[in-house]
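Novice: What follows is start22.txt, made up of compact mmCIF, C-alpha atoms:
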```txt
# COMPACT_ATOMS: atom_id res chain seq x y z
CA MET A 8 -16.08 -24.89 4.80
CA VAL A 9 -15.42 -21.87 2.56
CA ARG A 10 -19.12 -21.56 1.72
CA ALA A 11 -20.11 -21.70 5.41
CA ASP A 12 -17.49 -19.09 6.30
CA ARG A 13 -18.66 -16.82 3.49
CA ASN A 14 -22.26 -17.20 4.58
CA PHE A 15 -21.29 -16.36 8.16
CA HIS A 16 -19.68 -13.11 7.05
CA ARG A 17 -22.62 -12.24 4.86
CA ARG A 18 -24.99 -12.75 7.79
CA GLU A 19 -22.78 -10.67 10.09
CA ARG A 20 -22.64 -7.74 7.67
CA ILE A 21 -26.41 -7.72 7.19
CA ALA A 22 -27.02 -8.22 10.93
CA ALA A 23 -24.84 -5.22 11.78
CA ILE A 24 -26.89 -2.97 9.51
CA ALA A 25 -30.13 -4.46 10.87
CA GLU A 26 -29.05 -3.63 14.42
CA TRP A 27 -28.05 -0.09 13.48
CA SER A 28 -31.40 0.39 11.72
CA LYS A 29 -33.08 -0.18 15.10
CA THR A 30 -30.73 1.64 17.45
CA GLY A 31 -29.01 4.14 15.19
CA VAL A 32 -25.30 4.06 14.51
CA GLN A 33 -24.17 4.96 18.02
CA GLN A 34 -22.11 1.93 19.03
CA PRO A 35 -19.55 -0.10 17.08
CA ARG A 36 -20.78 -3.33 15.56
CA ARG A 37 -19.71 -6.72 16.87
CA PRO A 38 -16.18 -7.40 15.55
CA LEU A 39 -15.59 -10.34 13.27
CA PRO A 40 -13.21 -13.12 14.40
CA ILE A 41 -10.22 -11.83 12.41
CA GLU A 42 -10.80 -8.32 13.77
CA ARG A 43 -10.77 -9.66 17.33
CA ALA A 44 -7.64 -11.69 16.62
CA PHE A 45 -5.88 -8.62 15.21
CA ALA A 46 -6.92 -6.43 18.15
CA ASP A 47 -5.68 -9.07 20.60
CA ARG A 48 -2.38 -9.29 18.76
CA VAL A 49 -1.91 -5.50 18.89
CA ALA A 50 -2.80 -5.45 22.62
CA GLN A 51 -0.04 -7.98 23.32
CA MET A 52 2.68 -5.85 21.72
CA LYS A 53 5.38 -4.55 24.04
CA ARG A 54 5.60 -1.27 22.13
CA PRO A 55 3.21 0.84 20.05
CA LEU A 56 2.53 -0.35 16.53
CA PHE A 57 3.05 3.15 15.15
CA ARG A 58 4.52 6.45 16.29
CA PRO A 59 4.53 9.61 14.15
CA VAL A 60 7.26 12.22 14.12
CA GLU A 61 6.44 15.31 16.17
CA LEU A 62 5.42 18.24 13.95
CA PRO A 63 5.99 21.97 14.46
CA ASN A 64 3.13 24.45 14.46
CA VAL A 65 4.21 26.35 11.35
CA GLY A 66 2.89 27.09 7.89
CA GLY A 67 -0.46 28.12 6.61
CA VAL A 68 -3.69 26.53 5.54
CA GLU A 69 -2.19 24.01 3.09
CA TYR A 70 0.17 22.53 5.67
CA HIS A 71 -2.54 22.31 8.32
CA ARG A 72 -4.93 20.72 5.83
CA GLN A 73 -2.38 17.93 5.40
CA VAL A 74 -1.99 17.67 9.17
CA SER A 75 -5.77 17.33 9.49
CA TYR A 76 -5.68 14.30 7.17
CA LEU A 77 -2.94 12.79 9.31
CA VAL A 78 -5.11 13.17 12.40
CA ASP A 79 -7.85 11.28 10.56
CA ALA A 80 -5.32 8.60 9.60
CA PHE A 81 -3.98 8.15 13.11
CA ASP A 82 -7.51 8.03 14.51
CA SER A 83 -8.07 4.92 12.37
CA ILE A 84 -5.09 3.00 13.76
CA PRO A 85 -4.88 0.16 14.57
CA ALA A 86 -8.28 -1.27 13.68
CA ARG A 87 -8.76 0.31 10.26
CA VAL A 88 -5.33 0.64 8.69
CA ASP A 89 -7.03 0.69 5.28
CA ILE A 90 -8.82 3.92 6.15
CA ALA A 91 -5.56 5.23 7.63
CA PHE A 92 -4.03 4.72 4.19
CA ASP A 93 -6.84 6.67 2.51
CA SER A 94 -6.24 9.67 4.75
CA ALA A 95 -2.43 9.51 4.70
CA TRP A 96 -2.51 9.35 0.91
CA LYS A 97 -4.70 12.48 0.80
CA ALA A 98 -2.09 14.32 2.88
CA PHE A 99 0.78 13.12 0.68
CA GLU A 100 -1.03 13.86 -2.58
CA ALA A 101 -1.90 17.35 -1.35
CA ALA A 102 1.75 18.00 -0.48
CA THR A 103 2.93 16.92 -3.94
CA ARG A 104 1.11 19.91 -5.45
CA LEU A 105 3.85 22.18 -4.13
CA ALA A 106 6.66 19.69 -4.64
CA ALA A 107 6.06 19.13 -8.37
CA SER A 108 3.96 20.47 -11.25
CA GLY A 109 1.25 18.87 -13.36
CA ASN A 110 -1.56 16.49 -12.51
CA VAL A 111 -1.08 13.84 -9.86
CA THR A 112 0.18 11.26 -12.38
CA ASP A 113 2.81 13.69 -13.66
CA ARG A 114 3.78 14.75 -10.15
CA LEU A 115 4.39 11.17 -9.05
CA LYS A 116 6.57 10.52 -12.10
CA LYS A 117 8.64 13.62 -11.37
CA LEU A 118 9.04 12.79 -7.69
CA ALA A 119 10.12 9.23 -8.51
CA ALA A 120 12.76 10.57 -10.87
CA GLY A 121 14.07 12.87 -8.14
CA PRO A 122 15.13 14.95 -6.39
CA GLY A 123 11.96 15.83 -4.46
CA LEU A 124 11.93 12.67 -2.33
CA ASP A 125 14.81 11.42 -0.20
CA GLY A 126 16.51 8.44 -1.87
CA GLY A 127 17.41 6.81 1.42
CA ILE A 128 13.82 6.87 2.61
CA LEU A 129 12.61 5.44 -0.69
CA ALA A 130 15.21 2.65 -0.49
CA LEU A 131 14.20 1.88 3.09
CA LEU A 132 10.58 1.38 2.07
CA LEU A 133 11.43 -0.57 -1.09
CA ALA A 134 13.56 -2.98 0.93
CA ASP A 135 10.65 -4.05 3.12
CA ILE A 136 7.47 -4.40 1.03
CA PRO A 137 5.29 -7.20 2.45
CA ALA A 138 4.53 -10.26 0.37
CA GLN A 139 0.82 -9.41 0.24
CA SER A 140 1.57 -6.05 -1.39
CA CYS A 141 3.83 -7.71 -3.96
CA GLU A 142 1.09 -10.22 -4.78
CA TYR A 143 -1.36 -7.34 -5.23
CA LEU A 144 1.11 -5.52 -7.51
CA PHE A 145 1.82 -8.69 -9.50
CA LYS A 146 -1.90 -9.21 -10.04
CA ARG A 147 -2.46 -5.65 -11.23
CA LEU A 148 0.64 -5.46 -13.46
CA VAL A 149 0.60 -8.99 -14.86
CA ILE A 150 -2.57 -11.04 -14.30
CA ASP A 151 -5.09 -8.27 -14.90
CA PHE A 152 -3.10 -7.03 -17.91
CA ARG A 153 -2.99 -10.51 -19.49
CA SER A 154 -6.75 -10.87 -19.11
CA LEU A 155 -7.29 -7.97 -21.51
CA VAL A 156 -7.85 -9.14 -25.07
CA THR A 157 -7.55 -6.19 -27.42
CA PRO A 158 -4.60 -3.79 -27.87
CA GLU A 159 -6.97 -0.93 -27.09
CA GLU A 160 -7.80 -2.43 -23.70
CA ARG A 161 -4.14 -3.00 -22.90
CA ASN A 162 -3.17 0.52 -23.94
CA VAL A 163 -5.51 2.04 -21.35
CA HIS A 164 -4.75 -0.41 -18.51
CA GLN A 165 -3.89 2.15 -15.86
CA PRO A 166 -1.04 0.58 -13.81
CA ASN A 167 0.91 -0.45 -16.93
CA ARG A 168 0.18 2.78 -18.78
CA ARG A 169 1.52 4.87 -15.90
CA LEU A 170 4.78 2.90 -15.98
CA ALA A 171 5.05 2.58 -19.76
CA GLY A 172 6.97 5.82 -20.10
CA LEU A 173 9.86 4.73 -17.91
CA GLY A 174 11.88 3.73 -20.97
CA ASP A 175 13.94 1.34 -18.85
CA GLN A 176 15.05 -1.86 -20.59
CA ASP A 177 15.63 -3.72 -17.32
CA PHE A 178 12.05 -3.05 -16.27
CA VAL A 179 10.78 -4.17 -19.68
CA THR A 180 12.76 -7.41 -19.33
CA LEU A 181 11.44 -7.99 -15.81
CA LEU A 182 7.83 -7.41 -16.88
CA SER A 183 8.27 -9.77 -19.83
CA VAL A 184 9.61 -12.55 -17.58
CA LEU A 185 6.81 -12.02 -15.08
CA GLN A 186 4.19 -12.23 -17.82
CA THR A 187 5.56 -15.23 -19.71
CA ARG A 188 7.08 -17.36 -16.95
CA TYR A 189 4.74 -16.69 -14.02
CA GLY A 190 1.61 -15.01 -15.36
CA SER A 191 0.71 -17.36 -18.20
CA THR A 192 -0.83 -20.03 -15.97
CA GLY A 193 -3.66 -20.02 -13.49
CA ASP A 194 -1.43 -21.64 -10.88
CA HIS A 195 -1.42 -19.61 -7.66
CA ALA A 196 2.00 -21.02 -6.79
CA ASP A 197 3.41 -19.54 -10.01
CA HIS A 198 1.78 -16.20 -9.26
CA ARG A 199 3.35 -16.17 -5.81
CA LYS A 200 6.77 -16.97 -7.26
CA GLY A 201 6.31 -14.10 -9.69
CA ALA A 202 5.36 -11.76 -6.85
CA MET A 203 8.47 -12.77 -4.91
CA LEU A 204 10.65 -12.15 -7.97
CA LEU A 205 9.05 -8.72 -8.25
CA ARG A 206 9.84 -8.12 -4.59
CA ARG A 207 13.51 -8.99 -5.14
CA ALA A 208 13.65 -6.61 -8.08
CA LEU A 209 12.16 -3.78 -6.01
CA THR A 210 14.90 -4.15 -3.40
CA GLY A 211 17.47 -3.39 -6.12
CA GLU A 212 18.88 -6.90 -6.24
CA LYS A 213 20.91 -7.80 -9.34
CA MET A 214 19.25 -10.79 -11.05
CA ASP A 215 19.92 -12.99 -14.06
CA LEU A 216 16.71 -13.09 -16.11
CA GLN A 217 16.78 -15.02 -19.39
CA GLY A 218 20.55 -14.67 -19.49
CA VAL A 219 20.38 -10.91 -18.96
CA ASP A 220 21.63 -9.10 -15.87
CA VAL A 221 18.76 -6.98 -14.56
CA THR A 222 19.01 -4.37 -11.81
CA LEU A 223 16.26 -1.82 -11.41
CA SER A 224 17.54 1.67 -10.65
CA LEU A 225 16.19 3.59 -7.67
CA PRO A 226 14.14 5.98 -9.87
CA VAL A 227 12.48 3.02 -11.63
CA ARG A 228 11.79 1.22 -8.35
CA SER A 229 10.44 4.45 -6.90
CA ALA A 230 8.10 4.86 -9.86
CA VAL A 231 6.77 1.33 -9.32
CA LEU A 232 6.21 2.12 -5.63
CA LEU A 233 4.51 5.47 -6.23
CA SER A 234 2.60 4.95 -9.47
CA GLY A 235 2.36 1.17 -9.63
CA LEU A 236 1.53 0.24 -6.05
CA LEU A 237 0.35 3.20 -3.99
CA TYR A 238 -1.59 5.15 -6.61
CA THR A 239 -3.17 2.01 -8.05
CA ALA A 240 -4.29 0.89 -4.59
CA ARG A 241 -5.67 4.35 -3.92
CA ASN A 242 -7.68 4.25 -7.16
CA ASP A 243 -8.96 0.73 -6.54
CA ARG A 244 -10.28 1.79 -3.15
CA PHE A 245 -11.68 5.13 -4.32
CA HIS A 246 -13.52 3.60 -7.29
CA GLY A 247 -14.84 0.61 -5.35
CA GLU A 248 -12.76 -1.93 -7.26
CA SER A 249 -11.78 -3.86 -4.15
CA PHE A 250 -13.72 -5.46 -1.29
CA SER A 251 -13.56 -3.76 2.10
CA PRO A 252 -10.70 -5.90 3.43
CA PHE A 253 -11.52 -6.83 7.01
CA VAL A 254 -15.22 -7.63 6.68
CA SER A 255 -14.45 -10.11 3.92
CA SER A 256 -14.55 -13.85 4.53
CA ALA A 257 -11.12 -14.01 2.86
CA ALA A 258 -9.50 -11.81 5.52
CA THR A 259 -6.57 -13.22 7.47
CA MET A 260 -3.77 -11.71 9.53
CA ARG A 261 -1.84 -11.41 6.28
CA THR A 262 -4.59 -9.17 4.90
CA TYR A 263 -3.63 -6.43 7.35
CA THR A 264 -0.03 -6.22 6.12
CA HIS A 265 -0.91 -4.72 2.73
CA PRO A 266 -2.99 -1.68 3.77
CA TYR A 267 -0.71 -1.08 6.74
CA PHE A 268 2.31 -0.85 4.46
CA LEU A 269 0.36 1.43 2.10
CA PHE A 270 -0.38 3.71 5.04
CA LEU A 271 3.16 3.62 6.39
CA ALA A 272 4.69 4.29 2.97
CA SER A 273 2.35 7.23 2.29
CA TYR A 274 3.09 8.77 5.67
CA SER A 275 6.84 8.22 5.28
CA LEU A 276 6.86 9.82 1.82
CA LEU A 277 5.00 12.83 3.19
CA SER A 278 7.62 13.10 5.94
CA SER A 279 10.28 13.03 3.23
CA LEU A 280 8.69 16.05 1.56
CA TRP A 281 8.82 17.87 4.90
CA LEU A 282 12.55 17.37 5.42
CA GLY A 283 14.84 20.33 6.12
CA SER A 284 13.85 23.66 4.66
CA GLY A 285 11.48 22.04 2.15
CA LEU A 286 7.73 22.45 2.01
CA TYR A 287 6.23 25.11 4.27
CA GLY A 288 9.46 25.29 6.29
CA VAL A 289 8.42 22.29 8.39
CA GLY A 290 12.09 21.43 8.86
CA LEU A 291 11.98 17.77 9.90
CA GLN A 292 15.41 16.32 10.62
CA ARG A 293 16.38 13.52 8.26
CA ASP A 294 17.96 11.31 10.92
CA HIS A 295 14.80 11.57 13.05
CA VAL A 296 12.56 10.64 10.11
CA VAL A 297 14.74 7.70 9.04
CA ALA A 298 14.89 6.40 12.61
CA ASN A 299 11.10 6.77 12.89
CA ILE A 300 10.47 4.82 9.67
CA SER A 301 12.89 2.09 10.75
CA ALA A 302 11.22 1.81 14.17
CA ASN A 303 7.74 1.63 12.62
CA LEU A 304 8.84 -1.09 10.21
CA GLU A 305 10.40 -3.05 13.08
CA ALA A 306 7.15 -2.73 15.04
CA ALA A 307 5.26 -4.04 12.00
CA HIS A 308 7.53 -7.09 11.93
CA ASP A 309 6.95 -7.58 15.66
CA LEU A 310 3.20 -7.55 15.11
CA PHE A 311 2.88 -9.53 11.91
CA GLY A 312 5.86 -11.86 12.22
CA ARG A 313 5.91 -14.45 9.44
CA HIS A 314 2.78 -12.92 7.88
CA TRP A 315 4.80 -9.92 6.61
CA LEU A 316 6.84 -12.01 4.19
CA GLY A 317 4.92 -15.29 4.33
```
What would you get if you wrote out this structure as structure tokens?

Specialist:
Amino acid sequence: MVRADRNFHRRERIAAIAEWSKTGVQQPRRPLPIERAFADRVAQMKRPLFRPVELPNVGGVEYHRQVSYLVDAFDSIPARVDIAFDSAWKAFEAATRLAASGNVTDRLKKLAAGPGLDGGILALLLADIPAQSCEYLFKRLVIDFRSLVTPEERNVHQPNRRLAGLGDQDFVTLLSVLQTRYGSTGDHADHRKGAMLLRRALTGEKMDLQGVDVTLSLPVRSAVLLSGLLYTARNDRFHGESFSPFVSSAATMRTYTHPYFLFLASYSLLSSLWLGSGLYGVGLQRDHVVANISANLEAAHDLFGRHWLG
């Protein structure tokens, strides 16, 4: 069954390019079954999947460059939420250049530590990360790290190296438990349990791990969100480390939850930088932004249902 499904998707991808080679790329290709199912699901919603906050026409070139990336992002919704993430991240990363100093890795560390990003907005996002995103993060932090043999390889493993400087004992304890209890086997059920433990930790829940009370602080959780999840996903996509998600034979409705959250988080963090009299004098009102994020998360739950946390 799996082999037949994989072969079907391979044929469809090649057939799409064959058709375009004859006619030119003027019309969209024939959607795959999961793409049709997702489009049908969106069409049945009683409210829009996503609404942005209205923006003022202020600022100079830098601000409007970021707005241009947002237009690209919104143009990609709902069918290509992965591409929406790419564009929203560009806008957010560009905005961080004024919000903090250093290269992008340094800027993300500084923003996670505060006070450049609104703590309430960060907590709102951290409280509602989909299961698929936690499984991705568990794989990158634990499974991929354990597969490296030499100390040299482990020292340069990007997701772990970016978080190594946190100096937080609770995070060290959590990572140790994830690696030894859930990452040491090839059992997918254990990996999923580890991902769900990671999700609980990212909400700020107090947990007893190996007889030790562990509660990740908001700055640590924010660093995991920014540097561990979002920036790692951005790099995986930019460097071709991951399969294009929706033309894969492995794609399901659950597959859409991960890139959609990445997009929504990137956009929400950008909105946080534009609060009040912050960057470029955009002056977004905090209560409007928080309400917008909450509404967009609720719409995501309406669309994805059990797939968000299942």

Novice: Write out as a ChimeraX atom specification the residues lying within 12 Å of Gly218 in chain A, counting all atoms listed in the file and excluding same-chain residues fewer than 4 positions away.

Specialist: /A:180-181,184,214

Novice: What would the list of residues within 12 Å of (4.1, 16.4, -4.1) (file frame) look like as a PyMOL selection string, if all atoms listed in the file are what count?

Specialist: chain A and resi 73+96-119+121-124+233+273+276-281+285-286

Novice: I'd like to know which of A:Asp89, A:Glu69, A:Asp135, A:Glu42 is closest to Ile300 in chain A, using all atoms listed in the file.

Specialist: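 Closest candidate: A:Asp135.
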
Novice: Provide the CA of Arg147 in chain A to CA of Thr222 in chain A distance in Å, to one decimal place.

Specialist: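 We find that CA of Arg147 in chain A and CA of Thr222 in chain A lie 21.5 Å from each other.
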
Novice: So what do you get for CA of Tyr274 in chain A versus CA of Arg313 in chain A, distance-wise?

Specialist: 23.7 Å

Novice: Which is closer to Leu304 in chain A than all the others in A:Ala46, A:Val179, A:Ala134, A:Leu77, using only C-alpha atoms?

Specialist: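 Counting only C-alpha atoms, the residue closest to Leu304 in chain A is A:Ala134.
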
Novice: Write out as an mmCIF file with C-alpha atoms, in the frame of the given file which residues come within 10 Å of range 83-88 of chain A when counting only C-alpha atoms, dropping same-chain ones fewer than 2 positions away.

Specialist:
```
data_model
loop_
_atom_site.group_PDB
_atom_site.id
_atom_site.type_symbol
_atom_site.label_atom_id
_atom_site.label_comp_id
_atom_site.auth_asym_id
_atom_site.auth_seq_id
_atom_site.Cartn_x
_atom_site.Cartn_y
_atom_site.Cartn_z
ATOM 1 C CA GLU A 42 -10.800 -8.320 13.770
ATOM 2 C CA ARG A 43 -10.770 -9.660 17.330
ATOM 3 C CA PHE A 45 -5.880 -8.620 15.210
ATOM 4 C CA ALA A 46 -6.920 -6.430 18.150
ATOM 5 C CA VAL A 49 -1.910 -5.500 18.890
ATOM 6 C CA PRO A 55 3.210 0.840 20.050
ATOM 7 C CA LEU A 56 2.530 -0.350 16.530
ATOM 8 C CA PHE A 57 3.050 3.150 15.150
ATOM 9 C CA LEU A 77 -2.940 12.790 9.310
ATOM 10 C CA VAL A 78 -5.110 13.170 12.400
ATOM 11 C CA ASP A 79 -7.850 11.280 10.560
ATOM 12 C CA ALA A 80 -5.320 8.600 9.600
ATOM 13 C CA PHE A 81 -3.980 8.150 13.110
ATOM 14 C CA ILE A 90 -8.820 3.920 6.150
ATOM 15 C CA ALA A 91 -5.560 5.230 7.630
ATOM 16 C CA PHE A 92 -4.030 4.720 4.190
ATOM 17 C CA ASP A 93 -6.840 6.670 2.510
ATOM 18 C CA SER A 94 -6.240 9.670 4.750
ATOM 19 C CA PRO A 252 -10.700 -5.900 3.430
ATOM 20 C CA PHE A 253 -11.520 -6.830 7.010
ATOM 21 C CA TYR A 263 -3.630 -6.430 7.350
ATOM 22 C CA THR A 264 -0.030 -6.220 6.120
ATOM 23 C CA HIS A 265 -0.910 -4.720 2.730
ATOM 24 C CA PRO A 266 -2.990 -1.680 3.770
ATOM 25 C CA TYR A 267 -0.710 -1.080 6.740
ATOM 26 C CA PHE A 268 2.310 -0.850 4.460
ATOM 27 C CA LEU A 269 0.360 1.430 2.100
ATOM 28 C CA PHE A 270 -0.380 3.710 5.040
ATOM 29 C CA LEU A 271 3.160 3.620 6.390
#
```

Novice: Could you tell me how far CA of Arg17 in chain A sits from CA of Ala258 in chain A, in Å to one decimal place?

Specialist: 13.1 Å

Novice: Considering all atoms listed in the file, can you say which of A:Arg188, A:Arg18, A:His314, A:His295 comes closest to Leu62 in chain A?

Specialist: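 For Leu62 in chain A, the nearest of the given residues is A:His295.
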
Novice: Using only C-alpha atoms for the distances, tell me which of A:Arg169, A:Lys200, A:Arg20, A:His195 is nearest to Leu232 in chain A.

Specialist: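 Closest candidate: A:Arg169.
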
Novice: Which residue out of A:Leu291, A:Ala23, A:Val65, A:Met203 has the minimum interatomic distance to Leu39 in chain A when only C-alpha atoms are used?

Specialist: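 Among A:Leu291, A:Ala23, A:Val65, A:Met203, it is A:Ala23 that comes nearest to Leu39 in chain A.
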
Novice: I'd like the contact shell of Gln176 in chain A - 12 Å cut-off, all atoms listed in the file, skipping same-chain residues fewer than 5 positions apart - returned as a ChimeraX atom specification.

Specialist: /A:171,181-183,219-224,227

Novice: Restricting the calculation to only C-alpha atoms: of A:Ile41, A:Ala25, A:Ile150, A:Val32, which residue gets closest to Ser256 in chain A?

Specialist: A:Ile41

Novice: If I wrap all listed atoms of range 200-203 of chain A in a box with edges along x, y and z and add 4 Å on each side, what are its centre and edge lengths in Å to one decimal, as JSON?

Specialist:
```
{"center_x": 6.9, "center_y": -14.4, "center_z": -7.3, "size_x": 11.1, "size_y": 13.2, "size_z": 12.8}
```

Novice: Please work out which residues fall within 10 Å of (12.9, -7.2, -1.8), coordinates as given in the file, with only C-alpha atoms counting, and return them as a VMD selection string.

Specialist: chain A and resid 132 to 138 141 203 to 212 316
